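Report on the structure given below.
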Amino acid sequence: MLDSVFNIDCGYLEGLCRGFKNGILKQTDYLNLVQCETLDDLKLHLQSTDYGNFLANEASPLQVSVIDDKLRDKLVTEFQHMRNHAVEPLGTFLDYITYGYMIDNIVLLITGALHQRPISELMPKCHPLGTFEQIEAINVASTSSELYNAVLVDTPLADFFGECVSEQDLDELNIEIIRNTLYKAYLESFYNYCKSLGGTTAEVMCEILAFEADRRAFIITLNSFGTELTNEDRKKLYPQCGKLYPDGLAALARADDPENVKQVAEFYTEYRALFEGAGNNPGEKTLEDKFFEHEVKLNVNAFLHQFHFGVFYAYLKLKEQECRNIVWIAECIAQKHRAKIDNYIPIL
Amino acid sequence: MGSLFRSEEMALCQLFLQSESAYTCVSELGELGLVQFRDLNPDVNAFQRKFVNEVRRCDEMERKLRYLEREIRKDGIPVLDTGENPEAPMPREMIDLEATFEKLENELKEVNSNAEALKRNYLELTELKHILKKTQVFFDEREGSLESGGQTSLTQNLLPEDSKGPIQLGFVAGVILRERIPAFERMLWRACRGNVFLRQAEINDPLEDPATGEQVYKSVFIIFFQGDQLKMRVKKICEGFRATMYPCPEAPADRREMAMGVKTRLDDLSTVLSQTQDHRHRVLVSAARNIRAWMMKVWKIKSIYHTLNMFNLDVIQNGLIAECWIPVANLEDVQLALRRGTEKSGSLPAILNRLSTHEAPPTFHRTNKFTKAFQALIDAYGVATYREINPAPYTIITFPFLFAIMFGDVGHGIIMALFGGWMVWREKPLSAKKTDNEIWNIFFGGRYIILLMGMFSMYTGLIYNDIFSKALNIFGTSWHGNYNESTLLTNKELTLDPGNKEQYDQYPYPFGLDPVWQIALNKINFYNSYKMKISIIFGIIHMLFGVILSVWNHRFFNKPMNIYCEFIPQIIFLTCLFGYLVLLVFHKWVWYGAGGADSVSPNCAPSILITFINMVLMKGYQPTPEGDPCSPYMYAGQFGFQRFLVCVGLICVPWMLIAKPFILHRNNKRKLMMSQANGGEGVIEEGGGEAAAAAATEEVHDMGEIMIHQGIHTIEYVLGSVSHTASYLRLWALSLAHAQLSEVLWQMVLRVGLTAGGTGGVGGVVTYFIFAAWASLTIAILVLMEGLSAFLHTLRLHWVEFQSKFYGGGGYAFVPFAFETILEHAETAVTE
C-alpha cells in the first residue's frame with residue numbers, strides 16, 4: 001500500500017488510536033497506584049488520568065470485579081468505535097483480531113457446559129469482542145463435528161475448524177486440542193493475511209504474530225509434560241508461522257522435559273534472554289511475565305512506524321496488559337497482599 | 001478604570017484559619033470570588049490529602065444526584081430552575097443531605113425494581129397472550145389439513161398419511177426477538193437435521209424491554225418435533241437464543257380458557273403498574289423541585305474541600321495555613337468576608353498577613369461586559385506581565401478602526417452593526433439561553449466588537465463614498481461634464497480638467513470622496529494611491545504610538561537606562577525615516593495641484609516612493625533639467641535635510657546596539673572594583689573574595705547574553721520598522737479587494753437581474769430571484785468571509801506590528817476561587 005494514500009481511509013483512525021495510546025498509564029501513574037490504601041484511592045487516582053470518570057457512577061465500596069468490567073467495557077467501546085469507522089482492508093484486519101477472542105469464548109463455554117454450569121452464568125465471563133449470534137446455543141453440541149455443523153459453520157471461525165472435526169465426545173483434553181488447533185489455524189491465517197497486506201503492516205504484524213506463535217509453541221510444550229498428549233499430537237498443535245519454524249518446532253516436538261525446551265530456546269537470541277532470567281523463585285520473574293514483557297516491547301515498537309495497521313493490534317494488546325496491571329494492583333490492595341504489588345508489567 | 005491601563009496590584013497573603021472556621025471562611029471567599037489560592041502541597045497525591053474523605057462523600061452525593069437526574073430526565077419531568085443561588089451548607093448539614101439523597105435513591109431503586117418486576121410480569125403475560133392468539137392460527141391450520149386430508153400443506157408432510165391416528169407431536173411455543181429469527185431457524189435446522197418444523201408470526205406492536213425500557217419488536221414461534229431427545233435440543237437452542245418459552249395447552253378449549261385468564265390477569269397488572277408509575281412520578285416530581293439547589297450545594301461543598309486540600313496543616317495551633325493572591329484594592333472585602341465566616345462558626349478570628357515575595361504575581365484586569373471581549377483579544381496573544389501597560393484600552397478604538405479601513409462600505413457596515421446591535425440589545429435573554437454552539441458563542445462573546453466594527457465601517461464607507469460598490473451623491477458633485485452631445489457620442493474617453501472652472505467648482509466635495517470617481521476610468525489608480533498613502537500614515541502613527549507607550553513601561557519599572565538607550569534612539573529612528581515619509585505625503589497633497597504656478601502643477605509632483613528610495617540610498621544631488629519647470633525636489637534644501645535625517649537615523653542603530661551593554665558593563669566593573677577594594681582592606685576574608693570572583697564570572701557570562709539579546713532586539717527593531725511599515729499596506733490591499741469584490745457582485749449578479757426582461761413583469765420576477773442570490777452572496781462572502789479575513793488581519797496588525805513595540809505578555813492570569821465559575825463549569829459538564 002502506498003503510504004501517501006494511507007491517510008485517506010485510515011488517517012483518522014490511526015490518529016485516534018495514537019491518541020488513545022498516549023492515554024496509557026505512565027510509570028509515575030503506577031507508582032501512585034501502588035501507594036493506594038483502598039480501592040477508592042485507586043478510583044480517585046484513575047480519575048486524574050485518561051480514564052476520567054469511568055467509575056464515577058459506581059457506588060462505593062468498589063469491587064475489583066466492577067473495576068475489571070469497567071476497564072474492559074471502556075476498551076471494548078474504543079475498539080468498537082474504531083471498527084465501526086473502519087473501511088476495508090482495515091475492517092477485515094480488525095475482525096481478525098476479534099477471532100482470537102471468539103476461540104477463547106467458545107472454549108470457555110464448552111468447558112463450562114461440561115461442568116454442568118448454565119450458559120447464562122458463563123456469558124458475563126466471555127469477552128464482549130468475541131461474541132457472535134449463535135454463541136449461547138453452543139451447548140447443543142456434544143461432539144466436535146456437531147459443534148462445527150450446528151454452531152460454528154456460519155461464523156468466521158469455520159475456516160479454521162477444518163482439522164479438528166471428529167466424532168469423539170468433547171472432553172477436557174479434546175477441548176484443549178480444539179482450542180490449540182483453532183488457534184494455530186487462526187494465527188497462521190492472520191499471519192498470511194498480514195503478509196498479503198504487505199508494506200509496513202506486514203513488517204510490523206509478522207514480527208508480533210511470529211512471537212505470538214512461538215510463545216504458544218513453547219507454552220504448549222511446557223504444559224504438555226505430564227499429560228497424555230503424545231509428542232506426535234503435540235507437534236500438530238504448533239503454529240507454523242513463527243521464527244521457530246521449522247527446526248525449532250521439530251526440536252520442541254522431541255523435547256521431554258523443561259530443560260530440553262530451554263535448550264531449544266538457546267538457539268534463538270531473543271528467546272534465550274527470556275528463558276535465562278525466568279524462574280519461579282521469589283525475586284525472579286516467571287516465564288509468563290517475561291513473555292508479556294517481550295510482547296509489550298514489540299507492541300510499543302509498533303508505534304514507531306507510521307501508516308500501518310499494526311498500531312490497532314498493538315494498542316489493544318497494550319491496553320489489555322494495562323487492564324491486567326490495574327486489576328493486579330487492585331487485587332493486591334483488596335486482599336491486603338502488598339508484597340507482590342510490584343509485579344505488574346510496566347508499559348514503556 | 002485604573003486596572004485596565006495596568007493590571008491590578010496584587011498581594012501575596014498568608015491566611016491562618018482555625019480548623020472550625022476554615023470551612024465557612026473559604027465558603028465566604030468563594031462567594032466573593034476574589035482570592036486565588038496556591039497549592040501548598042503540590043507533591044501530595046490526590047488521595048493522600050487531608051479532606052479526601054469529604055471529597056469522596058461529595059462524589060458519592062453527586063453520583064446519587066446524577067442518578068436522580070437521569071431518572072427525572074427519563075420521565076421527561078421538567079427540572080425547576082429558579083435561578084436562586086443557595087449558600088454552601090455547613091459541614092454538619094452534609095449528613096442531612098446525604099441522608100436525604102440516600103433515602104431518595106433507595107426509594108427510587110425500590111420503586112424501579114418493583115416496576116421492573118411488574119413490567120417483566122406484564123411482558124410475559126402479553127407475550128403469552130400473543131402466543132395464544134397467533135398459535136391458534138397454526139393449530140387451526142393443522143386441524144384443517146387433518147380434516148381435508150389430501151391438501152398440500154407444509155404441516156402435512158410431518159403427519160402420517162394413514163388414518164391410524166396421528167403420531168403425538170410435541171411442540172414448543174415461545175417469543176423471540178425478530179432480528180434473531182433467521183439465525184435461529186438455521187441453527188434449528190442444522191442441529192436437529194431438519195427434523196423440526198417451525199412456524200412463526202410477527203407481533204405487530206413493539207414490546208417494552210423491562211431492563212432497558214426500549215421498545216423492541218418480537219415474533220411468536222412454534223416448533224413441532226417428535227421425541228424427547230429433540231425436545232431437549234430444541235429447548236437448549238431456544239435458551240441459547242434468549243427466546244422465552246411458554247406453556248401452551250394443546251386442546252382448543254384449554255387455550256381459550258387460558259386466554260381468558262391471561263386477559264384478566266393483564267388487566268389487574270396494568271392497574272398495579274399504573275399505581276407504581278404514579279408513585280415513581282410523585283417521588284421524581286418532588287425531587288425535581290429541589291435537584292438544582294442540591295446540585296449547587298454539593299458542588300460548592302466539593303469545591304470548598306478541594307480548596308482546603310491545598311492548605312498546610314498547622315499542627316501546633318490546630319489550624320490551617322493558606323497562601324493566596326488578593327488584589328490589594330479588595331483586601332478590605334476579603335477581611336470582611338473572613339469576619340463573616342468566623343462569625344458564622346463562632347470561633348477565633350482568621351488572621352490575614354501580607355507576605356513580601358519575589359515571585360511574579362498574577363495579572364488581574366477587572367473587566368466589564370464591554371471591555372471583556374477586547375481584553376480577551378489581548379490575552380489570546382499572551383497575558384500581560386504583571387503591571388505592564390495593557391494595550392486593551394487603546395485596542396477598543398484602534399481595532400474597529402483598522403478593521404473599518406479594510407471593510408469600508410456603508411451597506412456592509414450597516415448589516416454588521418445591526419447584527420451586533422441586535423445582540424447587544426437582546427443581551428440578557430440571549431445570554432440566559434445557554435448553548436454549546438461554539439460559533440454562536442464566539443459571535444455573542446464579541447458582540448460589542450462587532451457593533452463597533454460595523455459602526456466604524458459605516459464611517460469609513462462614507463469616507464470612501466461606497467455603499468454596495470455604489471456612491472452616494474448627497475451634497476452634489478463638484479465636477480461637471482460640460483461637453484456637448486456630439487463630443488460625448490464620438491469620444492470614448494473624456495478628461496475633466498480640475499483647472500477649468502466650468503468643469504470643476506474649485507472646492508472639494510464636503511465629506512468623503514467625490515461621487516464622480518465612481519464612474520471615472522482612473523478610479524482604481526486614484527483609490528490605490530489614496531488608500532496606500534493612508535495605510536502608511538495610519539500604520540506609522542500606530543507604531544509611533546506603540547513605541548511611545550513603552551516609555552510608561554520603562555518609567556513604571558524604573559529603568560531610566562531603557563529610555564535613554566532604547567526608547568530615544570527608537571523614536572528618532574522611526575520619525576527620521578518613516579515619520580518624514582508621512583510628512584512628505586502631506587506636503588505633496590497640499591503643495592501640488594491644479595491652478596497654481598507651473599512648478600507646482602500636478603504633472604510636476606515627484607513620486608514619493610522614488611524620493612524616499614533615493615533618500616535612503618543616499619543618492620547624489622539631482623539638478624533640475626534645463627528648461628523644465630519641474631524640480632525633482634519638493635522644497636528648497638530638501639537634499640541637505642534628507643541627508644541629515646538619514647545620518648541621524650543611522651547613528652541611532654549603533655546607539656541602540658551598544659549603549660546599553662556598554663553602560664551595564666561599566667557599572668559591573670565599577671562594582672567589582674569596589675568589592676575588590678573592600679576585600680583588600682581585609683574586612684572580608686578569602687571566602688568573600690572568592691564569592692566576588694564567582695560573581696564576576698557570572699557577570700561576564702551575563703555580558704555575552706546581554707550583547708546577544710540587545711543585538712537581536714536592535715536587528716528586530718530596525719528590520720521590523722521596514723517590514724512592519726510594509727505590513728500596514730495590507731490595509732490598502734484588503735480594502736481594494738473588498739471594494740472590487742462588491743463591485744463584481746453588483747456587476748455580475750444584480751445588474752443581470754436589473755437589465756433582464758425589459759419593462760414587462762418578467763424583469764420583476766427575474767430580479768426577485770437574482771436579488772436573493774445577490775443578497776445571500778453579499779452576506780456570505782462580503783460580510784462573513786471578508787469580515788473574518790479583515791478581522792484576522794486587524795488582529796495581526798495589533799499583535800505583531802503594534803504590541804511588539806512595548807508589550808511583553810509574559811504573565812499568567814489571575815484565576816480566583818469563585819463559586820460562580822465553578823458552578824458554570826459543572827453546569828456545562830452536566831448538560832453535555
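The chains in the C-alpha cells are called A, B, ... from first to last as shown; in each chain the residues are counted from 1, and the ligands are counted from 1 in the order shown.
Within 8 Å of chain B, and using only C-alpha atoms, the residues found on chain A are A:Asn32, A:Cys36, A:Asp41, A:Leu44, A:His45, A:Ala56, A:Asn57, A:Glu58, A:Ala59, A:Ser60, A:Ile119, A:Glu133, A:Gln134, A:Ile135, A:Glu136, A:Ala137, A:Ile138, A:Asn139, A:Val140, A:Glu146, A:Asn149, A:Ala150, A:Val151.
Residues surrounding Thr828 of chain B within 10 Å are Lys434, Thr435 and Asp436 of chain B [only C-alpha atoms; sequence separation below 6 positions excluded].
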Exercise. Considering only C-alpha atoms, return as a PyMOL selection string whatever protein or nucleic-acid residues lie within 9 Å of segment 442-453 of chain B, sequence-local ones (same chain, fewer than 4 positions apart) excluded.
Key: chain B and resi 369-374+396-397+399-401+403-404+407+413+416-424+427+430-431+437-438+457-458
Go ahead and dump the residues you just picked, C-alpha atoms, as a PDB file, in the first residue's frame.
ATOM      1  CA  LYS B 369     -19.028  43.171  29.718  1.00  0.00           C
ATOM      2  CA  PHE B 370     -17.810  45.772  27.236  1.00  0.00           C
ATOM      3  CA  THR B 371     -14.073  45.597  27.824  1.00  0.00           C
ATOM      4  CA  LYS B 372     -14.059  41.835  28.384  1.00  0.00           C
ATOM      5  CA  ALA B 373     -14.009  40.918  24.706  1.00  0.00           C
ATOM      6  CA  PHE B 374     -11.185  43.339  23.919  1.00  0.00           C
ATOM      7  CA  ILE B 396     -11.043  49.368  21.818  1.00  0.00           C
ATOM      8  CA  ILE B 397     -10.681  52.207  19.305  1.00  0.00           C
ATOM      9  CA  PHE B 399      -9.161  47.645  16.468  1.00  0.00           C
ATOM     10  CA  PRO B 400     -12.518  48.597  14.946  1.00  0.00           C
ATOM     11  CA  PHE B 401     -10.863  51.483  13.130  1.00  0.00           C
ATOM     12  CA  PHE B 403     -10.806  46.865  10.639  1.00  0.00           C
ATOM     13  CA  ALA B 404     -13.012  49.520   9.101  1.00  0.00           C
ATOM     14  CA  PHE B 407     -14.017  46.883   5.390  1.00  0.00           C
ATOM     15  CA  GLY B 413     -21.217  48.152   7.801  1.00  0.00           C
ATOM     16  CA  MET B 416     -22.757  44.195  10.662  1.00  0.00           C
ATOM     17  CA  ALA B 417     -23.750  46.983  13.050  1.00  0.00           C
ATOM     18  CA  LEU B 418     -27.364  45.841  13.047  1.00  0.00           C
ATOM     19  CA  PHE B 419     -26.331  42.294  13.885  1.00  0.00           C
ATOM     20  CA  GLY B 420     -24.032  43.493  16.662  1.00  0.00           C
ATOM     21  CA  GLY B 421     -26.645  45.927  17.889  1.00  0.00           C
ATOM     22  CA  TRP B 422     -29.280  43.215  17.996  1.00  0.00           C
ATOM     23  CA  MET B 423     -27.039  41.032  20.130  1.00  0.00           C
ATOM     24  CA  VAL B 424     -26.318  43.926  22.468  1.00  0.00           C
ATOM     25  CA  GLU B 427     -28.168  40.676  25.647  1.00  0.00           C
ATOM     26  CA  LEU B 430     -29.663  35.687  24.764  1.00  0.00           C
ATOM     27  CA  SER B 431     -27.083  35.105  27.473  1.00  0.00           C
ATOM     28  CA  ASN B 437     -22.902  26.110  19.857  1.00  0.00           C
ATOM     29  CA  GLU B 438     -19.305  27.224  19.609  1.00  0.00           C
ATOM     30  CA  SER B 457     -17.139  50.572   8.771  1.00  0.00           C
ATOM     31  CA  MET B 458     -20.106  52.803   8.109  1.00  0.00           C
TER      32      MET B 458
END
Quiz item: What does the distance between atom CA of Tyr381 of chain B and atom CA of Trp440 of chain B come to in Å, to one decimal place?
Solution: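 Interatomic distance, atom CA of Tyr381 of chain B to atom CA of Trp440 of chain B: 22.0 Å.
Atom to atom, atom CA of Gln321 of chain A and atom CA of Tyr101 of chain A stand 15.1 Å apart.
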Exercise. Based on DSSP run over this structure's backbone, return all residues of segment 6-109 of chain A in alpha helix (DSSP H), as a ChimeraX atom specification.
Key: /A:6-22,27-34,39-47,64-85,90-109
What's around Phe54 of chain A at 9 Å? Count only C-alpha atoms, leave out sequence neighbours fewer than 3 positions away in its own chain, and write the answer as an mmCIF file with N, CA and C atoms, in the first residue's frame.
data_model
loop_
_atom_site.group_PDB
_atom_site.id
_atom_site.type_symbol
_atom_site.label_atom_id
_atom_site.label_comp_id
_atom_site.auth_asym_id
_atom_site.auth_seq_id
_atom_site.Cartn_x
_atom_site.Cartn_y
_atom_site.Cartn_z
ATOM 1 N N LEU A 46 -7.219 7.187 39.374
ATOM 2 C CA LEU A 46 -7.543 6.923 37.969
ATOM 3 C C LEU A 46 -8.366 8.066 37.376
ATOM 4 N N GLN A 47 -9.098 8.772 38.227
ATOM 5 C CA GLN A 47 -9.874 9.906 37.736
ATOM 6 C C GLN A 47 -8.987 10.991 37.152
ATOM 7 N N TYR A 51 -8.547 7.838 32.131
ATOM 8 C CA TYR A 51 -9.747 7.060 32.402
ATOM 9 C C TYR A 51 -10.893 7.952 32.822
ATOM 10 N N ASN A 57 -19.980 6.514 38.333
ATOM 11 C CA ASN A 57 -21.353 6.134 38.639
ATOM 12 C C ASN A 57 -21.446 4.823 39.405
ATOM 13 N N GLU A 58 -20.322 4.371 39.980
ATOM 14 C CA GLU A 58 -20.344 3.133 40.761
ATOM 15 C C GLU A 58 -20.409 3.479 42.245
ATOM 16 N N LYS A 70 -15.440 -2.529 34.120
ATOM 17 C CA LYS A 70 -15.481 -1.178 33.555
ATOM 18 C C LYS A 70 -14.275 -0.927 32.651
ATOM 19 N N LEU A 71 -13.112 -1.437 33.095
ATOM 20 C CA LEU A 71 -11.917 -1.284 32.268
ATOM 21 C C LEU A 71 -12.139 -1.933 30.913
ATOM 22 N N LYS A 74 -14.599 -0.096 28.691
ATOM 23 C CA LYS A 74 -14.046 1.110 28.068
ATOM 24 C C LYS A 74 -13.226 0.729 26.843
#
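For Phe644 of chain B, the list of residues within 12 Å, based on only C-alpha atoms and with local chain neighbours fewer than 4 positions off taken out, reads Cys576, Leu577, Tyr580, Met615, Val616, Met618, Gly637, Gln638, Phe639, Gly640, Val648, Gly649, Leu650 and Ile651 of chain B.
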Take the residues that were just selected and, keeping N, CA and C atoms, output them as a PDB file, in the first residue's frame.
ATOM      1  N   CYS B 576      12.718  59.912  11.935  1.00  0.00           N
ATOM      2  CA  CYS B 576      13.610  60.433  10.904  1.00  0.00           C
ATOM      3  C   CYS B 576      13.331  59.777   9.564  1.00  0.00           C
ATOM      4  N   LEU B 577      13.069  58.499   9.562  1.00  0.00           N
ATOM      5  CA  LEU B 577      12.863  57.842   8.286  1.00  0.00           C
ATOM      6  C   LEU B 577      11.387  57.801   7.910  1.00  0.00           C
ATOM      7  N   TYR B 580       9.165  61.097   8.490  1.00  0.00           N
ATOM      8  CA  TYR B 580       9.435  62.043   7.411  1.00  0.00           C
ATOM      9  C   TYR B 580       8.656  61.656   6.168  1.00  0.00           C
ATOM     10  N   MET B 615      16.528  58.816  -1.076  1.00  0.00           N
ATOM     11  CA  MET B 615      16.995  59.371   0.194  1.00  0.00           C
ATOM     12  C   MET B 615      17.727  58.308   0.990  1.00  0.00           C
ATOM     13  N   VAL B 616      17.137  57.127   1.097  1.00  0.00           N
ATOM     14  CA  VAL B 616      17.755  56.106   1.933  1.00  0.00           C
ATOM     15  C   VAL B 616      19.025  55.576   1.279  1.00  0.00           C
ATOM     16  N   MET B 618      21.039  57.332  -0.307  1.00  0.00           N
ATOM     17  CA  MET B 618      21.969  58.479  -0.280  1.00  0.00           C
ATOM     18  C   MET B 618      22.441  58.832  -1.684  1.00  0.00           C
ATOM     19  N   GLY B 637      16.282  73.052  -0.172  1.00  0.00           N
ATOM     20  CA  GLY B 637      17.082  72.458   0.905  1.00  0.00           C
ATOM     21  C   GLY B 637      16.660  71.042   1.243  1.00  0.00           C
ATOM     22  N   GLN B 638      15.850  70.463   0.403  1.00  0.00           N
ATOM     23  CA  GLN B 638      15.381  69.104   0.690  1.00  0.00           C
ATOM     24  C   GLN B 638      16.528  68.107   0.704  1.00  0.00           C
ATOM     25  N   PHE B 639      17.470  68.266  -0.249  1.00  0.00           N
ATOM     26  CA  PHE B 639      18.557  67.309  -0.354  1.00  0.00           C
ATOM     27  C   PHE B 639      19.375  67.264   0.934  1.00  0.00           C
ATOM     28  N   GLY B 640      19.751  68.455   1.368  1.00  0.00           N
ATOM     29  CA  GLY B 640      20.588  68.508   2.572  1.00  0.00           C
ATOM     30  C   GLY B 640      19.848  67.985   3.790  1.00  0.00           C
ATOM     31  N   VAL B 648      21.218  60.879  10.940  1.00  0.00           N
ATOM     32  CA  VAL B 648      20.746  60.755  12.321  1.00  0.00           C
ATOM     33  C   VAL B 648      20.147  59.376  12.544  1.00  0.00           C
ATOM     34  N   GLY B 649      19.346  58.947  11.564  1.00  0.00           N
ATOM     35  CA  GLY B 649      18.733  57.629  11.686  1.00  0.00           C
ATOM     36  C   GLY B 649      19.777  56.549  11.797  1.00  0.00           C
ATOM     37  N   LEU B 650      20.826  56.633  10.996  1.00  0.00           N
ATOM     38  CA  LEU B 650      21.857  55.593  11.010  1.00  0.00           C
ATOM     39  C   LEU B 650      22.612  55.584  12.330  1.00  0.00           C
ATOM     40  N   ILE B 651      22.817  56.781  12.883  1.00  0.00           N
ATOM     41  CA  ILE B 651      23.538  56.842  14.162  1.00  0.00           C
ATOM     42  C   ILE B 651      22.754  56.103  15.247  1.00  0.00           C
TER      43      ILE B 651
END
Self-check item: Pick from B:Val653, B:Ile519, B:Cys58, B:Val328, whichever lies nearest to Met296 of chain B using only C-alpha atoms
Solution: B:Cys58
Quiz item: Which polymer residues have any atom within 9 Å of an atom of segment 268-283 of chain B, counting only C-alpha atoms, with same-chain residues fewer than 4 positions away left out, as a PyMOL selection string?
Solution: chain B and resi 72+75+77+104+107-108+111-112+114-115+118-119+121-122+263-264+287-288
Self-check item: Every residue of segment 428-645 of chain B that DSSP places in strand (DSSP E or B), as a list in words
Solution: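 Here are the strand (DSSP E or B) residues of segment 428-645 of chain B: Ile467, Lys470, Trp479 and Tyr504 of chain B.
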Save out the residues we just selected, all heavy atoms, as a short mmCIF file (atom, residue, chain, number, x, y, z; two decimals), in the first residue's frame.
data_model
loop_
_atom_site.label_atom_id
_atom_site.label_comp_id
_atom_site.auth_asym_id
_atom_site.auth_seq_id
_atom_site.Cartn_x
_atom_site.Cartn_y
_atom_site.Cartn_z
N ILE B 467 -21.23 52.39 -1.08
CA ILE B 467 -22.30 51.61 -0.44
C ILE B 467 -22.70 50.54 -1.43
O ILE B 467 -23.18 50.83 -2.51
CB ILE B 467 -23.47 52.50 0.00
CG1 ILE B 467 -24.69 51.66 0.36
CG2 ILE B 467 -23.88 53.53 -1.04
CD1 ILE B 467 -25.73 52.40 1.16
N LYS B 470 -21.61 51.24 -4.80
CA LYS B 470 -22.12 52.44 -5.46
C LYS B 470 -21.81 53.66 -4.61
O LYS B 470 -21.55 53.53 -3.41
CB LYS B 470 -23.64 52.33 -5.65
CG LYS B 470 -24.05 51.24 -6.60
CD LYS B 470 -23.75 51.64 -8.03
CE LYS B 470 -23.40 50.43 -8.87
NZ LYS B 470 -22.73 50.74 -10.10
N TRP B 479 -17.83 68.22 -9.84
CA TRP B 479 -17.37 68.09 -11.22
C TRP B 479 -18.56 68.09 -12.18
O TRP B 479 -19.60 67.50 -11.89
CB TRP B 479 -16.60 66.79 -11.42
CG TRP B 479 -15.37 66.69 -10.55
CD1 TRP B 479 -15.33 66.36 -9.25
CD2 TRP B 479 -14.03 66.94 -10.95
NE1 TRP B 479 -14.05 66.38 -8.77
CE2 TRP B 479 -13.22 66.73 -9.82
CE3 TRP B 479 -13.41 67.34 -12.16
CZ2 TRP B 479 -11.83 66.90 -9.85
CZ3 TRP B 479 -12.05 67.47 -12.17
CH2 TRP B 479 -11.27 67.27 -11.03
N TYR B 504 -14.84 72.04 -12.94
CA TYR B 504 -14.61 71.76 -11.52
C TYR B 504 -14.94 73.01 -10.72
O TYR B 504 -14.48 74.10 -11.05
CB TYR B 504 -13.16 71.34 -11.30
CG TYR B 504 -12.86 71.00 -9.85
CD1 TYR B 504 -13.56 70.00 -9.17
CD2 TYR B 504 -11.87 71.68 -9.14
CE1 TYR B 504 -13.29 69.70 -7.85
CE2 TYR B 504 -11.59 71.39 -7.82
CZ TYR B 504 -12.31 70.40 -7.18
OH TYR B 504 -12.05 70.10 -5.87
#
Surrounding residues of Leu197 of chain A excluding itself and chain neighbours under 4 positions, 9 Å, only C-alpha atoms, as a PDB file with all heavy atoms, in the first residue's frame:
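Saved to around.pdb:
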ATOM      1  N   MET A   1       0.846  -1.195   0.000  1.00  0.00           N
ATOM      2  CA  MET A   1       0.000   0.000   0.000  1.00  0.00           C
ATOM      3  C   MET A   1       0.885   1.249   0.000  1.00  0.00           C
ATOM      4  O   MET A   1       1.903   1.297   0.659  1.00  0.00           O
ATOM      5  CB  MET A   1      -0.864  -0.023   1.250  1.00  0.00           C
ATOM      6  CG  MET A   1      -1.944   1.003   1.222  1.00  0.00           C
ATOM      7  SD  MET A   1      -2.567   1.241   2.861  1.00  0.00           S
ATOM      8  CE  MET A   1      -2.809  -0.446   3.362  1.00  0.00           C
ATOM      9  N   PRO A  89      -9.124  -2.381   3.742  1.00  0.00           N
ATOM     10  CA  PRO A  89      -8.963  -3.688   4.374  1.00  0.00           C
ATOM     11  C   PRO A  89      -8.825  -3.627   5.892  1.00  0.00           C
ATOM     12  O   PRO A  89      -8.676  -4.670   6.519  1.00  0.00           O
ATOM     13  CB  PRO A  89      -7.671  -4.199   3.753  1.00  0.00           C
ATOM     14  CG  PRO A  89      -6.878  -2.970   3.477  1.00  0.00           C
ATOM     15  CD  PRO A  89      -7.854  -1.880   3.195  1.00  0.00           C
ATOM     16  N   ASN A 192      -0.791 -14.863   7.375  1.00  0.00           N
ATOM     17  CA  ASN A 192      -0.786 -14.785   5.910  1.00  0.00           C
ATOM     18  C   ASN A 192      -1.547 -13.569   5.420  1.00  0.00           C
ATOM     19  O   ASN A 192      -1.165 -12.937   4.442  1.00  0.00           O
ATOM     20  CB  ASN A 192      -1.393 -16.053   5.316  1.00  0.00           C
ATOM     21  CG  ASN A 192      -0.463 -17.220   5.518  1.00  0.00           C
ATOM     22  OD1 ASN A 192       0.751 -17.031   5.584  1.00  0.00           O
ATOM     23  ND2 ASN A 192      -1.021 -18.410   5.652  1.00  0.00           N
ATOM     24  N   TYR A 193      -2.622 -13.260   6.147  1.00  0.00           N
ATOM     25  CA  TYR A 193      -3.393 -12.095   5.740  1.00  0.00           C
ATOM     26  C   TYR A 193      -2.544 -10.828   5.853  1.00  0.00           C
ATOM     27  O   TYR A 193      -2.497  -9.998   4.934  1.00  0.00           O
ATOM     28  CB  TYR A 193      -4.643 -11.967   6.615  1.00  0.00           C
ATOM     29  CG  TYR A 193      -5.452 -10.749   6.296  1.00  0.00           C
ATOM     30  CD1 TYR A 193      -6.149 -10.668   5.090  1.00  0.00           C
ATOM     31  CD2 TYR A 193      -5.497  -9.658   7.156  1.00  0.00           C
ATOM     32  CE1 TYR A 193      -6.877  -9.548   4.768  1.00  0.00           C
ATOM     33  CE2 TYR A 193      -6.218  -8.531   6.834  1.00  0.00           C
ATOM     34  CZ  TYR A 193      -6.910  -8.477   5.641  1.00  0.00           C
ATOM     35  OH  TYR A 193      -7.619  -7.368   5.305  1.00  0.00           O
ATOM     36  N   THR A 201       2.645  -2.752   7.402  1.00  0.00           N
ATOM     37  CA  THR A 201       1.747  -3.610   8.183  1.00  0.00           C
ATOM     38  C   THR A 201       2.324  -5.008   8.288  1.00  0.00           C
ATOM     39  O   THR A 201       2.407  -5.578   9.386  1.00  0.00           O
ATOM     40  CB  THR A 201       0.371  -3.683   7.500  1.00  0.00           C
ATOM     41  OG1 THR A 201      -0.103  -2.367   7.327  1.00  0.00           O
ATOM     42  CG2 THR A 201      -0.599  -4.461   8.341  1.00  0.00           C
ATOM     43  N   ALA A 202       2.745  -5.556   7.147  1.00  0.00           N
ATOM     44  CA  ALA A 202       3.312  -6.903   7.153  1.00  0.00           C
ATOM     45  C   ALA A 202       4.550  -6.937   8.028  1.00  0.00           C
ATOM     46  O   ALA A 202       4.717  -7.835   8.863  1.00  0.00           O
ATOM     47  CB  ALA A 202       3.644  -7.322   5.726  1.00  0.00           C
TER      48      ALA A 202
END
Quiz item: Which is closest to Lys74 of chain B among B:His412, B:Gly213, B:Asn500, B:His724, if we use only C-alpha atoms?
Solution: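 Closest residue, counting only C-alpha atoms: B:Gly213.
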Quiz item: Rounded to one decimal in Å, what is the spacing between atom CA of Ser189 of chain A and atom CA of Thr221 of chain A?
Solution: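 Computing the Euclidean distance for atom CA of Ser189 of chain A and atom CA of Thr221 of chain A yields 21.7 Å.
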Please produce, as CSV, a per-residue contact table for segment 43-141 of chain A versus segment 171-188 of chain A (criterion: any atom at most 9 Å away, only C-alpha atoms considered), showing the nearest atom pair and its distance in Å to one decimal, sorted by chain then residue number.
residue,atom,partner,partner_atom,distance
A:Tyr96,CA,A:Tyr186,CA,8.4
A:Tyr99,CA,A:Tyr186,CA,7.6
A:Gly100,CA,A:Tyr183,CA,7.2
A:Ile103,CA,A:Arg179,CA,6.7
A:Asp104,CA,A:Arg179,CA,7.5
A:Ile106,CA,A:Arg179,CA,8.6
A:Val107,CA,A:Arg179,CA,6.5
A:Ile110,CA,A:Ile175,CA,7.7
A:Thr111,CA,A:Glu172,CA,7.1
A:Leu114,CA,A:Asp171,CA,7.4
